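Below is model.cif, holding mmCIF, N, CA and C atoms.
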```cif
data_start
loop_
_atom_site.label_atom_id
_atom_site.label_comp_id
_atom_site.auth_asym_id
_atom_site.auth_seq_id
_atom_site.Cartn_x
_atom_site.Cartn_y
_atom_site.Cartn_z
N MET A 10 -79.87 44.83 -63.98
CA MET A 10 -79.03 43.72 -63.55
C MET A 10 -78.93 42.71 -64.69
N ALA A 11 -77.75 42.23 -64.94
CA ALA A 11 -77.51 41.28 -66.02
C ALA A 11 -78.13 39.93 -65.67
N ASP A 12 -78.51 39.21 -66.70
CA ASP A 12 -79.10 37.89 -66.50
C ASP A 12 -77.98 36.86 -66.40
N ASP A 13 -77.75 36.36 -65.19
CA ASP A 13 -76.68 35.39 -64.94
C ASP A 13 -77.21 33.97 -64.87
N ARG A 14 -78.44 33.76 -65.32
CA ARG A 14 -79.01 32.42 -65.20
C ARG A 14 -78.24 31.38 -66.00
N ALA A 15 -77.63 31.76 -67.10
CA ALA A 15 -76.90 30.79 -67.91
C ALA A 15 -75.78 30.14 -67.11
N SER A 16 -75.13 30.91 -66.23
CA SER A 16 -74.06 30.34 -65.42
C SER A 16 -74.60 29.54 -64.24
N TRP A 17 -75.91 29.59 -64.03
CA TRP A 17 -76.54 28.87 -62.92
C TRP A 17 -77.35 27.69 -63.41
N THR A 18 -77.16 27.27 -64.64
CA THR A 18 -77.94 26.20 -65.22
C THR A 18 -77.78 24.93 -64.40
N PRO A 19 -78.88 24.39 -63.88
CA PRO A 19 -78.77 23.18 -63.07
C PRO A 19 -78.46 21.96 -63.91
N SER A 20 -77.99 20.95 -63.22
CA SER A 20 -77.71 19.67 -63.86
C SER A 20 -79.03 19.01 -64.22
N ALA A 21 -79.01 18.18 -65.24
CA ALA A 21 -80.21 17.46 -65.65
C ALA A 21 -80.46 16.25 -64.76
N SER A 22 -79.59 16.01 -63.81
CA SER A 22 -79.68 14.83 -62.96
C SER A 22 -80.88 14.91 -62.01
N ASP A 23 -81.43 13.75 -61.70
CA ASP A 23 -82.48 13.67 -60.70
C ASP A 23 -81.90 13.54 -59.30
N ASP A 24 -80.60 13.29 -59.21
CA ASP A 24 -79.92 13.15 -57.93
C ASP A 24 -79.76 14.53 -57.31
N PRO A 25 -80.37 14.78 -56.13
CA PRO A 25 -80.28 16.10 -55.52
C PRO A 25 -78.84 16.53 -55.25
N GLU A 26 -77.95 15.57 -55.00
CA GLU A 26 -76.54 15.90 -54.77
C GLU A 26 -75.90 16.47 -56.03
N LEU A 27 -76.37 16.05 -57.20
CA LEU A 27 -75.79 16.50 -58.45
C LEU A 27 -76.56 17.66 -59.08
N ALA A 28 -77.75 17.93 -58.58
CA ALA A 28 -78.60 18.97 -59.17
C ALA A 28 -77.98 20.36 -59.02
N CYS A 29 -77.25 20.58 -57.93
CA CYS A 29 -76.60 21.87 -57.71
C CYS A 29 -75.09 21.62 -57.68
N PRO A 30 -74.39 22.03 -58.71
CA PRO A 30 -72.96 21.70 -58.79
C PRO A 30 -72.09 22.37 -57.73
N VAL A 31 -72.60 23.40 -57.07
CA VAL A 31 -71.78 24.06 -56.04
C VAL A 31 -72.01 23.49 -54.65
N ALA A 32 -73.01 22.63 -54.48
CA ALA A 32 -73.32 22.08 -53.15
C ALA A 32 -72.12 21.40 -52.49
N PRO A 33 -71.35 20.57 -53.20
CA PRO A 33 -70.19 19.95 -52.54
C PRO A 33 -69.16 20.98 -52.08
N VAL A 34 -68.99 22.06 -52.84
CA VAL A 34 -68.04 23.10 -52.45
C VAL A 34 -68.54 23.84 -51.21
N VAL A 35 -69.84 24.12 -51.20
CA VAL A 35 -70.42 24.80 -50.04
C VAL A 35 -70.25 23.93 -48.80
N ASP A 36 -70.52 22.63 -48.92
CA ASP A 36 -70.35 21.72 -47.78
C ASP A 36 -68.90 21.67 -47.33
N LEU A 37 -67.99 21.68 -48.27
CA LEU A 37 -66.56 21.56 -47.97
C LEU A 37 -65.99 22.82 -47.34
N VAL A 38 -66.31 23.96 -47.90
CA VAL A 38 -65.64 25.20 -47.53
C VAL A 38 -66.42 26.05 -46.54
N PHE A 39 -67.73 25.96 -46.55
CA PHE A 39 -68.50 26.89 -45.75
C PHE A 39 -69.15 26.27 -44.52
N SER A 40 -68.59 25.17 -44.06
CA SER A 40 -69.09 24.64 -42.79
C SER A 40 -68.55 25.54 -41.67
N ARG A 41 -69.19 25.46 -40.53
CA ARG A 41 -68.85 26.32 -39.40
C ARG A 41 -67.36 26.27 -39.11
N TRP A 42 -66.72 27.40 -38.99
CA TRP A 42 -65.32 27.61 -38.65
C TRP A 42 -64.35 27.35 -39.80
N THR A 43 -64.75 26.66 -40.84
CA THR A 43 -63.81 26.37 -41.92
C THR A 43 -63.41 27.65 -42.65
N THR A 44 -64.37 28.49 -42.97
CA THR A 44 -64.06 29.72 -43.68
C THR A 44 -63.13 30.62 -42.88
N PRO A 45 -63.38 30.87 -41.59
CA PRO A 45 -62.43 31.71 -40.85
C PRO A 45 -61.03 31.11 -40.77
N ILE A 46 -60.93 29.80 -40.70
CA ILE A 46 -59.61 29.15 -40.67
C ILE A 46 -58.88 29.40 -41.98
N LEU A 47 -59.55 29.11 -43.09
CA LEU A 47 -58.93 29.30 -44.40
C LEU A 47 -58.60 30.76 -44.65
N TRP A 48 -59.51 31.64 -44.29
CA TRP A 48 -59.30 33.08 -44.48
C TRP A 48 -58.06 33.52 -43.70
N THR A 49 -57.95 33.09 -42.45
CA THR A 49 -56.83 33.49 -41.59
C THR A 49 -55.52 32.95 -42.12
N LEU A 50 -55.50 31.67 -42.51
CA LEU A 50 -54.26 31.10 -43.04
C LEU A 50 -53.85 31.75 -44.36
N ASN A 51 -54.82 32.11 -45.17
CA ASN A 51 -54.50 32.78 -46.43
C ASN A 51 -53.98 34.19 -46.18
N TYR A 52 -54.60 34.89 -45.25
CA TYR A 52 -54.27 36.29 -44.99
C TYR A 52 -53.01 36.43 -44.13
N ARG A 53 -52.89 35.59 -43.09
CA ARG A 53 -51.79 35.72 -42.12
C ARG A 53 -50.61 34.80 -42.40
N GLY A 54 -50.80 33.82 -43.26
CA GLY A 54 -49.72 32.88 -43.55
C GLY A 54 -49.64 31.78 -42.50
N ARG A 55 -48.51 31.09 -42.49
CA ARG A 55 -48.29 29.94 -41.60
C ARG A 55 -48.52 30.34 -40.14
N GLN A 56 -49.24 29.47 -39.42
CA GLN A 56 -49.60 29.75 -38.03
C GLN A 56 -49.41 28.51 -37.17
N ARG A 57 -48.99 28.73 -35.95
CA ARG A 57 -49.02 27.65 -34.97
C ARG A 57 -50.45 27.57 -34.45
N PHE A 58 -50.79 26.45 -33.83
CA PHE A 58 -52.16 26.20 -33.38
C PHE A 58 -52.69 27.33 -32.51
N VAL A 59 -51.92 27.70 -31.48
CA VAL A 59 -52.37 28.73 -30.54
C VAL A 59 -52.52 30.09 -31.23
N GLU A 60 -51.62 30.39 -32.14
CA GLU A 60 -51.72 31.65 -32.89
C GLU A 60 -53.00 31.67 -33.72
N LEU A 61 -53.26 30.56 -34.37
CA LEU A 61 -54.46 30.46 -35.20
C LEU A 61 -55.72 30.59 -34.35
N GLN A 62 -55.73 29.91 -33.22
CA GLN A 62 -56.89 29.99 -32.32
C GLN A 62 -57.10 31.43 -31.85
N ARG A 63 -56.02 32.11 -31.53
CA ARG A 63 -56.10 33.50 -31.07
C ARG A 63 -56.60 34.42 -32.18
N GLN A 64 -56.14 34.20 -33.40
CA GLN A 64 -56.55 35.03 -34.53
C GLN A 64 -58.04 34.88 -34.84
N ILE A 65 -58.54 33.65 -34.71
CA ILE A 65 -59.94 33.39 -35.04
C ILE A 65 -60.85 33.83 -33.89
N GLY A 66 -60.50 33.49 -32.67
CA GLY A 66 -61.30 33.88 -31.52
C GLY A 66 -62.61 33.13 -31.44
N GLY A 67 -62.95 32.66 -30.26
CA GLY A 67 -64.23 32.00 -30.03
C GLY A 67 -64.28 30.53 -30.39
N ILE A 68 -63.27 30.01 -31.02
CA ILE A 68 -63.25 28.60 -31.41
C ILE A 68 -62.54 27.81 -30.30
N THR A 69 -63.12 26.67 -29.94
CA THR A 69 -62.50 25.84 -28.91
C THR A 69 -61.34 25.04 -29.50
N PRO A 70 -60.39 24.65 -28.67
CA PRO A 70 -59.29 23.82 -29.18
C PRO A 70 -59.77 22.53 -29.84
N LYS A 71 -60.80 21.92 -29.26
CA LYS A 71 -61.33 20.67 -29.82
C LYS A 71 -61.86 20.89 -31.24
N VAL A 72 -62.65 21.93 -31.41
CA VAL A 72 -63.24 22.20 -32.72
C VAL A 72 -62.16 22.61 -33.72
N LEU A 73 -61.20 23.42 -33.28
CA LEU A 73 -60.12 23.81 -34.17
C LEU A 73 -59.33 22.59 -34.63
N THR A 74 -59.06 21.68 -33.72
CA THR A 74 -58.36 20.45 -34.07
C THR A 74 -59.15 19.65 -35.10
N GLN A 75 -60.46 19.49 -34.87
CA GLN A 75 -61.30 18.74 -35.80
C GLN A 75 -61.32 19.39 -37.18
N ARG A 76 -61.50 20.70 -37.23
CA ARG A 76 -61.56 21.41 -38.51
C ARG A 76 -60.22 21.31 -39.24
N LEU A 77 -59.11 21.49 -38.51
CA LEU A 77 -57.80 21.41 -39.16
C LEU A 77 -57.53 20.03 -39.71
N ARG A 78 -57.92 19.00 -38.97
CA ARG A 78 -57.73 17.63 -39.47
C ARG A 78 -58.53 17.40 -40.75
N GLN A 79 -59.77 17.89 -40.77
CA GLN A 79 -60.61 17.73 -41.95
C GLN A 79 -60.04 18.52 -43.13
N LEU A 80 -59.59 19.73 -42.87
CA LEU A 80 -59.02 20.55 -43.94
C LEU A 80 -57.73 19.95 -44.47
N GLU A 81 -56.95 19.33 -43.58
CA GLU A 81 -55.74 18.63 -44.02
C GLU A 81 -56.12 17.43 -44.89
N ARG A 82 -57.11 16.69 -44.45
CA ARG A 82 -57.59 15.52 -45.21
C ARG A 82 -58.10 15.94 -46.59
N ASP A 83 -58.78 17.10 -46.65
CA ASP A 83 -59.33 17.60 -47.91
C ASP A 83 -58.27 18.24 -48.80
N GLY A 84 -57.06 18.37 -48.28
CA GLY A 84 -55.97 18.94 -49.07
C GLY A 84 -55.94 20.46 -49.10
N LEU A 85 -56.70 21.10 -48.22
CA LEU A 85 -56.78 22.56 -48.22
C LEU A 85 -55.78 23.19 -47.25
N VAL A 86 -55.28 22.40 -46.30
CA VAL A 86 -54.33 22.87 -45.29
C VAL A 86 -53.18 21.88 -45.21
N VAL A 87 -51.99 22.41 -44.99
CA VAL A 87 -50.80 21.58 -44.81
C VAL A 87 -50.36 21.70 -43.35
N ARG A 88 -50.15 20.55 -42.73
CA ARG A 88 -49.66 20.49 -41.35
C ARG A 88 -48.20 20.07 -41.39
N THR A 89 -47.35 20.87 -40.74
CA THR A 89 -45.93 20.55 -40.70
C THR A 89 -45.51 20.33 -39.25
N TYR A 90 -44.96 19.15 -39.00
CA TYR A 90 -44.50 18.78 -37.66
C TYR A 90 -42.98 18.96 -37.60
N PHE A 91 -42.51 19.64 -36.57
CA PHE A 91 -41.09 19.84 -36.34
C PHE A 91 -40.68 19.06 -35.10
N PRO A 92 -39.85 18.03 -35.25
CA PRO A 92 -39.47 17.18 -34.11
C PRO A 92 -38.42 17.88 -33.22
N GLU A 93 -38.89 18.89 -32.52
CA GLU A 93 -38.04 19.64 -31.61
C GLU A 93 -38.48 19.36 -30.19
N VAL A 94 -37.78 19.95 -29.24
CA VAL A 94 -38.20 19.87 -27.85
C VAL A 94 -38.45 21.29 -27.39
N PRO A 95 -39.70 21.64 -27.10
CA PRO A 95 -40.92 20.86 -27.30
C PRO A 95 -41.29 20.80 -28.78
N PRO A 96 -42.08 19.79 -29.16
CA PRO A 96 -42.48 19.65 -30.56
C PRO A 96 -43.24 20.90 -31.03
N ARG A 97 -43.09 21.19 -32.30
CA ARG A 97 -43.76 22.35 -32.89
C ARG A 97 -44.55 21.88 -34.10
N VAL A 98 -45.77 22.38 -34.25
CA VAL A 98 -46.62 22.09 -35.40
C VAL A 98 -47.10 23.42 -35.97
N GLU A 99 -47.01 23.53 -37.28
CA GLU A 99 -47.50 24.73 -37.95
C GLU A 99 -48.48 24.34 -39.05
N TYR A 100 -49.41 25.23 -39.30
CA TYR A 100 -50.42 25.02 -40.32
C TYR A 100 -50.33 26.14 -41.34
N GLU A 101 -50.52 25.77 -42.60
CA GLU A 101 -50.56 26.78 -43.66
C GLU A 101 -51.56 26.32 -44.72
N ILE A 102 -52.03 27.29 -45.46
CA ILE A 102 -52.97 26.96 -46.53
C ILE A 102 -52.20 26.32 -47.68
N SER A 103 -52.76 25.31 -48.27
CA SER A 103 -52.11 24.63 -49.40
C SER A 103 -52.38 25.40 -50.69
N ASP A 104 -51.74 24.98 -51.76
CA ASP A 104 -52.03 25.59 -53.06
C ASP A 104 -53.48 25.39 -53.45
N LEU A 105 -54.01 24.20 -53.13
CA LEU A 105 -55.43 23.93 -53.41
C LEU A 105 -56.31 24.88 -52.60
N GLY A 106 -56.00 25.06 -51.34
CA GLY A 106 -56.75 25.99 -50.50
C GLY A 106 -56.62 27.42 -51.00
N ARG A 107 -55.42 27.79 -51.42
CA ARG A 107 -55.17 29.13 -51.94
C ARG A 107 -55.97 29.38 -53.22
N SER A 108 -56.28 28.32 -53.95
CA SER A 108 -57.06 28.49 -55.18
C SER A 108 -58.48 28.99 -54.89
N LEU A 109 -58.89 28.92 -53.62
CA LEU A 109 -60.20 29.44 -53.22
C LEU A 109 -60.19 30.95 -53.00
N ALA A 110 -59.00 31.57 -52.99
CA ALA A 110 -58.90 33.01 -52.71
C ALA A 110 -59.77 33.86 -53.64
N PRO A 111 -59.82 33.58 -54.96
CA PRO A 111 -60.71 34.39 -55.80
C PRO A 111 -62.18 34.25 -55.42
N LEU A 112 -62.58 33.05 -55.02
CA LEU A 112 -63.96 32.84 -54.57
C LEU A 112 -64.24 33.68 -53.33
N PHE A 113 -63.32 33.64 -52.36
CA PHE A 113 -63.49 34.45 -51.15
C PHE A 113 -63.49 35.94 -51.49
N ALA A 114 -62.64 36.35 -52.43
CA ALA A 114 -62.60 37.76 -52.82
C ALA A 114 -63.93 38.19 -53.42
N HIS A 115 -64.51 37.35 -54.29
CA HIS A 115 -65.82 37.67 -54.88
C HIS A 115 -66.90 37.73 -53.80
N LEU A 116 -66.85 36.80 -52.86
CA LEU A 116 -67.84 36.82 -51.78
C LEU A 116 -67.66 38.05 -50.90
N ALA A 117 -66.42 38.47 -50.65
CA ALA A 117 -66.18 39.69 -49.87
C ALA A 117 -66.73 40.91 -50.61
N GLU A 118 -66.52 40.96 -51.93
CA GLU A 118 -67.07 42.05 -52.73
C GLU A 118 -68.59 42.04 -52.68
N TRP A 119 -69.18 40.86 -52.84
CA TRP A 119 -70.64 40.75 -52.80
C TRP A 119 -71.15 41.20 -51.44
N SER A 120 -70.45 40.77 -50.40
CA SER A 120 -70.83 41.14 -49.05
C SER A 120 -70.84 42.65 -48.86
N SER A 121 -69.78 43.30 -49.28
CA SER A 121 -69.70 44.76 -49.15
C SER A 121 -70.80 45.45 -49.95
N ALA A 122 -71.07 44.95 -51.13
CA ALA A 122 -72.05 45.58 -52.01
C ALA A 122 -73.49 45.29 -51.61
N HIS A 123 -73.75 44.09 -51.06
CA HIS A 123 -75.14 43.67 -50.91
C HIS A 123 -75.64 43.41 -49.49
N LEU A 124 -74.76 43.27 -48.52
CA LEU A 124 -75.27 43.04 -47.16
C LEU A 124 -76.14 44.18 -46.64
N PRO A 125 -75.85 45.43 -47.00
CA PRO A 125 -76.79 46.49 -46.60
C PRO A 125 -78.18 46.28 -47.20
N ASP A 126 -78.24 45.76 -48.43
CA ASP A 126 -79.53 45.47 -49.06
C ASP A 126 -80.24 44.32 -48.35
N VAL A 127 -79.47 43.33 -47.90
CA VAL A 127 -80.05 42.21 -47.15
C VAL A 127 -80.63 42.73 -45.83
N ALA A 128 -79.88 43.57 -45.14
CA ALA A 128 -80.37 44.14 -43.88
C ALA A 128 -81.64 44.95 -44.11
N LYS A 129 -81.67 45.73 -45.19
CA LYS A 129 -82.86 46.53 -45.53
C LYS A 129 -84.06 45.62 -45.82
N ALA A 130 -83.83 44.56 -46.58
CA ALA A 130 -84.92 43.62 -46.90
C ALA A 130 -85.43 42.94 -45.64
N ARG A 131 -84.53 42.60 -44.73
CA ARG A 131 -84.95 41.96 -43.47
C ARG A 131 -85.82 42.91 -42.65
N ARG A 132 -85.37 44.17 -42.55
CA ARG A 132 -86.16 45.15 -41.79
C ARG A 132 -87.55 45.31 -42.41
N ALA A 133 -87.61 45.43 -43.73
CA ALA A 133 -88.90 45.58 -44.41
C ALA A 133 -89.78 44.36 -44.18
N HIS A 134 -89.20 43.18 -44.25
CA HIS A 134 -89.96 41.95 -44.02
C HIS A 134 -90.48 41.90 -42.59
N ASP A 135 -89.60 42.22 -41.63
CA ASP A 135 -90.01 42.18 -40.22
C ASP A 135 -91.10 43.20 -39.93
N GLU A 136 -90.98 44.39 -40.50
CA GLU A 136 -92.01 45.41 -40.31
C GLU A 136 -93.34 44.95 -40.91
N LYS A 137 -93.29 44.36 -42.09
CA LYS A 137 -94.50 43.86 -42.75
C LYS A 137 -95.12 42.74 -41.92
N SER A 138 -94.27 41.85 -41.40
CA SER A 138 -94.77 40.74 -40.57
C SER A 138 -95.41 41.25 -39.30
N GLN A 139 -94.81 42.26 -38.68
CA GLN A 139 -95.36 42.82 -37.45
C GLN A 139 -96.69 43.51 -37.73
N THR A 140 -96.77 44.23 -38.86
CA THR A 140 -98.01 44.91 -39.23
C THR A 140 -99.10 43.89 -39.51
N SER A 141 -98.75 42.82 -40.23
CA SER A 141 -99.72 41.77 -40.54
C SER A 141 -100.20 41.09 -39.26
N ALA A 142 -99.30 40.81 -38.36
CA ALA A 142 -99.66 40.15 -37.10
C ALA A 142 -100.55 41.05 -36.26
N ALA A 143 -100.30 42.36 -36.30
CA ALA A 143 -101.09 43.30 -35.50
C ALA A 143 -102.52 43.41 -36.04
N THR A 144 -102.68 43.29 -37.38
CA THR A 144 -104.03 43.45 -37.96
C THR A 144 -104.85 42.17 -37.87
N LEU A 145 -104.19 41.04 -37.67
CA LEU A 145 -104.91 39.77 -37.52
C LEU A 145 -105.27 39.58 -36.07
N GLY A 146 -106.36 38.97 -35.83
CA GLY A 146 -106.78 38.70 -34.47
C GLY A 146 -106.05 37.48 -33.90
N PRO A 147 -106.22 37.21 -32.61
CA PRO A 147 -105.59 36.06 -31.99
C PRO A 147 -106.04 34.77 -32.67
N GLY A 148 -105.10 33.87 -32.89
CA GLY A 148 -105.42 32.59 -33.51
C GLY A 148 -105.49 32.62 -35.02
N GLN A 149 -105.40 33.79 -35.63
CA GLN A 149 -105.43 33.90 -37.09
C GLN A 149 -104.00 33.93 -37.62
N SER A 150 -103.83 33.37 -38.79
CA SER A 150 -102.50 33.43 -39.42
C SER A 150 -102.62 34.06 -40.78
N GLY A 151 -101.50 34.65 -41.24
CA GLY A 151 -101.55 35.37 -42.51
C GLY A 151 -100.82 34.77 -43.58
#
```

Exercise: express the given structure as C-alpha cells:
Amino acid sequence: MADDRASWTPSASDDPELACPVAPVVDLVFSRWTTPILWTLNYRGRQRFVELQRQIGGITPKVLTQRLRQLERDGLVVRTYFPEVPPRVEYEISDLGRSLAPLFAHLAEWSSAHLPDVAKARRAHDEKSQTSAATLGPGQSG
C-alpha cells in the first residue's frame, strides 16, 4: 500500500477545528440525510419535494425540509419556485454541489473495494472479544 500520509498532513494549529482540514466538509456534507439528498439530486436531476422524498425513502417531510433549507443556505442545492396554481417547487443540485461528485465517486469506489474488509475486521474483532469475555471470569475485564 502506498504511503498517503503526505496528503494527510495535519495543520500546525492548536485549534481542533483547524487541525483536520476535512472536518468542516464532513460536517457539511455527511450529516444524516444530506448525502442521500445530494446523491439523489446529482443522479436523478431536478426533483419535486414528494419525488425526492420517495426516492430517498424513510425520511420525514420535516427532516427533508430542514435538510433542503440547510443545503440551499450552503449553496449546494437550488430551490426554484413556480408561481402556478397549485404552486410548484423543484430542487436541483447546484454547480457547487455537483463539484462534490468526484468525492462521492471516490467514496463509492472505496466502499466497493473496502467495505468487505471492514466487515471481515468487525467479525474478527467480535469473535476475539467473545473469546476474551468467555475466558475471563465474572467481574473481570480484558

For this session: Can you work out the spacing between atom C of Tyr100 of chain A and atom N of Gly54 of chain A in Å, to one decimal?
Result: 7.9 Å

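In this structure, atom N of Arg97 of chain A sits 18.5 Å away from atom C of Glu81 of chain A.
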
For this session: I need the residue set behind the PyMOL selection byres ((chain A and resi 84) around 8) for this file; please write it as a PyMOL selection string.
Result: chain A and resi 78-83+85-87+102-107

Keeping N, CA and C atoms for every residue in the selection just given, could you write it to a file as a short mmCIF file (atom, residue, chain, number, x, y, z; two decimals), keeping the file's coordinate frame?
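Contents of the output file out_37.cif:
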```
data_model
loop_
_atom_site.label_atom_id
_atom_site.label_comp_id
_atom_site.auth_asym_id
_atom_site.auth_seq_id
_atom_site.Cartn_x
_atom_site.Cartn_y
_atom_site.Cartn_z
N ARG A 78 -57.92 19.00 -38.97
CA ARG A 78 -57.73 17.63 -39.47
C ARG A 78 -58.53 17.40 -40.75
N GLN A 79 -59.77 17.89 -40.77
CA GLN A 79 -60.61 17.73 -41.95
C GLN A 79 -60.04 18.52 -43.13
N LEU A 80 -59.59 19.73 -42.87
CA LEU A 80 -59.02 20.55 -43.94
C LEU A 80 -57.73 19.95 -44.47
N GLU A 81 -56.95 19.33 -43.58
CA GLU A 81 -55.74 18.63 -44.02
C GLU A 81 -56.12 17.43 -44.89
N ARG A 82 -57.11 16.69 -44.45
CA ARG A 82 -57.59 15.52 -45.21
C ARG A 82 -58.10 15.94 -46.59
N ASP A 83 -58.78 17.10 -46.65
CA ASP A 83 -59.33 17.60 -47.91
C ASP A 83 -58.27 18.24 -48.80
N LEU A 85 -56.70 21.10 -48.22
CA LEU A 85 -56.78 22.56 -48.22
C LEU A 85 -55.78 23.19 -47.25
N VAL A 86 -55.28 22.40 -46.30
CA VAL A 86 -54.33 22.87 -45.29
C VAL A 86 -53.18 21.88 -45.21
N VAL A 87 -51.99 22.41 -44.99
CA VAL A 87 -50.80 21.58 -44.81
C VAL A 87 -50.36 21.70 -43.35
N ILE A 102 -52.03 27.29 -45.46
CA ILE A 102 -52.97 26.96 -46.53
C ILE A 102 -52.20 26.32 -47.68
N SER A 103 -52.76 25.31 -48.27
CA SER A 103 -52.11 24.63 -49.40
C SER A 103 -52.38 25.40 -50.69
N ASP A 104 -51.74 24.98 -51.76
CA ASP A 104 -52.03 25.59 -53.06
C ASP A 104 -53.48 25.39 -53.45
N LEU A 105 -54.01 24.20 -53.13
CA LEU A 105 -55.43 23.93 -53.41
C LEU A 105 -56.31 24.88 -52.60
N GLY A 106 -56.00 25.06 -51.34
CA GLY A 106 -56.75 25.99 -50.50
C GLY A 106 -56.62 27.42 -51.00
N ARG A 107 -55.42 27.79 -51.42
CA ARG A 107 -55.17 29.13 -51.94
C ARG A 107 -55.97 29.38 -53.22
#
```

Problem set entry | Residues near Leu61 of chain A, cut-off 9 Å, only C-alpha atoms, skip fewer than 6 positions along chain, as a PyMOL selection string | chain A and resi 46+49-50+55+73+100

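Note that the spacing between atom CA of Ser138 of chain A and atom CA of Trp119 of chain A amounts to 27.1 Å.
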
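Here the question is which of A:Gln64, A:Thr44, A:Ser120, A:Ser141 gets nearest to Leu77 of chain A using only C-alpha atoms, and that residue is A:Thr44.
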
Problem set entry | For Phe58 of chain A: contacts at 8 Å, only C-alpha atoms, fewer than 4 positions along chain excluded, given as a ChimeraX atom specification | /A:62,98-100

For this session: Using DSSP on the backbone coordinates, identify all residues within segment 62-103 of chain A classified as helix (DSSP H, G or I); present the result as a PyMOL selection string.
Result: chain A and resi 62-65+70-82

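Candidate residues A:Thr74, A:Val34, A:Arg132, A:Arg57 were compared for distance to Phe91 of chain A, and the nearest is A:Arg57, using only C-alpha atoms.
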
Problem set entry | Sel. of strand (DSSP E or B) residues, chain A, as a PyMOL selection string | chain A and resi 56-57+86-91+97-102

Return as AutoDock Vina command-line options the box centre and box size in Å, one decimal, for an axis-aligned box around all listed atoms of segment 37-50 of chain A padded by 6 Å per side.
```
--center_x -61.5 --center_y 27.5 --center_z -43.5 --size_x 27.3 --size_y 24.0 --size_z 21.6
```

Assuming the input is short of atoms at segment 99-112 of chain A, produce N, CA, C and O atoms for that part as an mmCIF file, in the frame of the given file.
```
data_model
loop_
_atom_site.group_PDB
_atom_site.id
_atom_site.type_symbol
_atom_site.label_atom_id
_atom_site.label_comp_id
_atom_site.auth_asym_id
_atom_site.auth_seq_id
_atom_site.Cartn_x
_atom_site.Cartn_y
_atom_site.Cartn_z
ATOM 1 N N GLU A 99 -47.010 23.530 -37.280
ATOM 2 C CA GLU A 99 -47.500 24.730 -37.950
ATOM 3 C C GLU A 99 -48.480 24.340 -39.050
ATOM 4 O O GLU A 99 -48.368 23.259 -39.642
ATOM 5 N N TYR A 100 -49.410 25.230 -39.300
ATOM 6 C CA TYR A 100 -50.420 25.020 -40.320
ATOM 7 C C TYR A 100 -50.330 26.140 -41.340
ATOM 8 O O TYR A 100 -50.104 27.298 -40.992
ATOM 9 N N GLU A 101 -50.520 25.770 -42.600
ATOM 10 C CA GLU A 101 -50.560 26.780 -43.660
ATOM 11 C C GLU A 101 -51.560 26.320 -44.720
ATOM 12 O O GLU A 101 -51.865 25.139 -44.842
ATOM 13 N N ILE A 102 -52.030 27.290 -45.460
ATOM 14 C CA ILE A 102 -52.970 26.960 -46.530
ATOM 15 C C ILE A 102 -52.200 26.320 -47.680
ATOM 16 O O ILE A 102 -51.081 26.727 -47.980
ATOM 17 N N SER A 103 -52.760 25.310 -48.270
ATOM 18 C CA SER A 103 -52.110 24.630 -49.400
ATOM 19 C C SER A 103 -52.380 25.400 -50.690
ATOM 20 O O SER A 103 -53.190 26.341 -50.719
ATOM 21 N N ASP A 104 -51.740 24.980 -51.760
ATOM 22 C CA ASP A 104 -52.030 25.590 -53.060
ATOM 23 C C ASP A 104 -53.480 25.390 -53.450
ATOM 24 O O ASP A 104 -54.124 26.292 -53.994
ATOM 25 N N LEU A 105 -54.010 24.200 -53.130
ATOM 26 C CA LEU A 105 -55.430 23.930 -53.410
ATOM 27 C C LEU A 105 -56.310 24.880 -52.600
ATOM 28 O O LEU A 105 -57.276 25.449 -53.121
ATOM 29 N N GLY A 106 -56.000 25.060 -51.340
ATOM 30 C CA GLY A 106 -56.750 25.990 -50.500
ATOM 31 C C GLY A 106 -56.620 27.420 -51.000
ATOM 32 O O GLY A 106 -57.592 28.181 -51.025
ATOM 33 N N ARG A 107 -55.420 27.790 -51.420
ATOM 34 C CA ARG A 107 -55.170 29.130 -51.940
ATOM 35 C C ARG A 107 -55.970 29.380 -53.220
ATOM 36 O O ARG A 107 -56.317 30.509 -53.542
ATOM 37 N N SER A 108 -56.280 28.320 -53.950
ATOM 38 C CA SER A 108 -57.060 28.490 -55.180
ATOM 39 C C SER A 108 -58.480 28.990 -54.890
ATOM 40 O O SER A 108 -59.180 29.435 -55.783
ATOM 41 N N LEU A 109 -58.890 28.920 -53.620
ATOM 42 C CA LEU A 109 -60.200 29.440 -53.220
ATOM 43 C C LEU A 109 -60.190 30.950 -53.000
ATOM 44 O O LEU A 109 -61.236 31.566 -52.848
ATOM 45 N N ALA A 110 -59.000 31.570 -52.990
ATOM 46 C CA ALA A 110 -58.900 33.010 -52.710
ATOM 47 C C ALA A 110 -59.770 33.860 -53.640
ATOM 48 O O ALA A 110 -60.446 34.774 -53.160
ATOM 49 N N PRO A 111 -59.820 33.580 -54.960
ATOM 50 C CA PRO A 111 -60.710 34.390 -55.800
ATOM 51 C C PRO A 111 -62.180 34.250 -55.420
ATOM 52 O O PRO A 111 -62.940 35.220 -55.461
ATOM 53 N N LEU A 112 -62.580 33.050 -55.020
ATOM 54 C CA LEU A 112 -63.960 32.840 -54.570
ATOM 55 C C LEU A 112 -64.240 33.680 -53.330
ATOM 56 O O LEU A 112 -65.252 34.376 -53.256
#
```
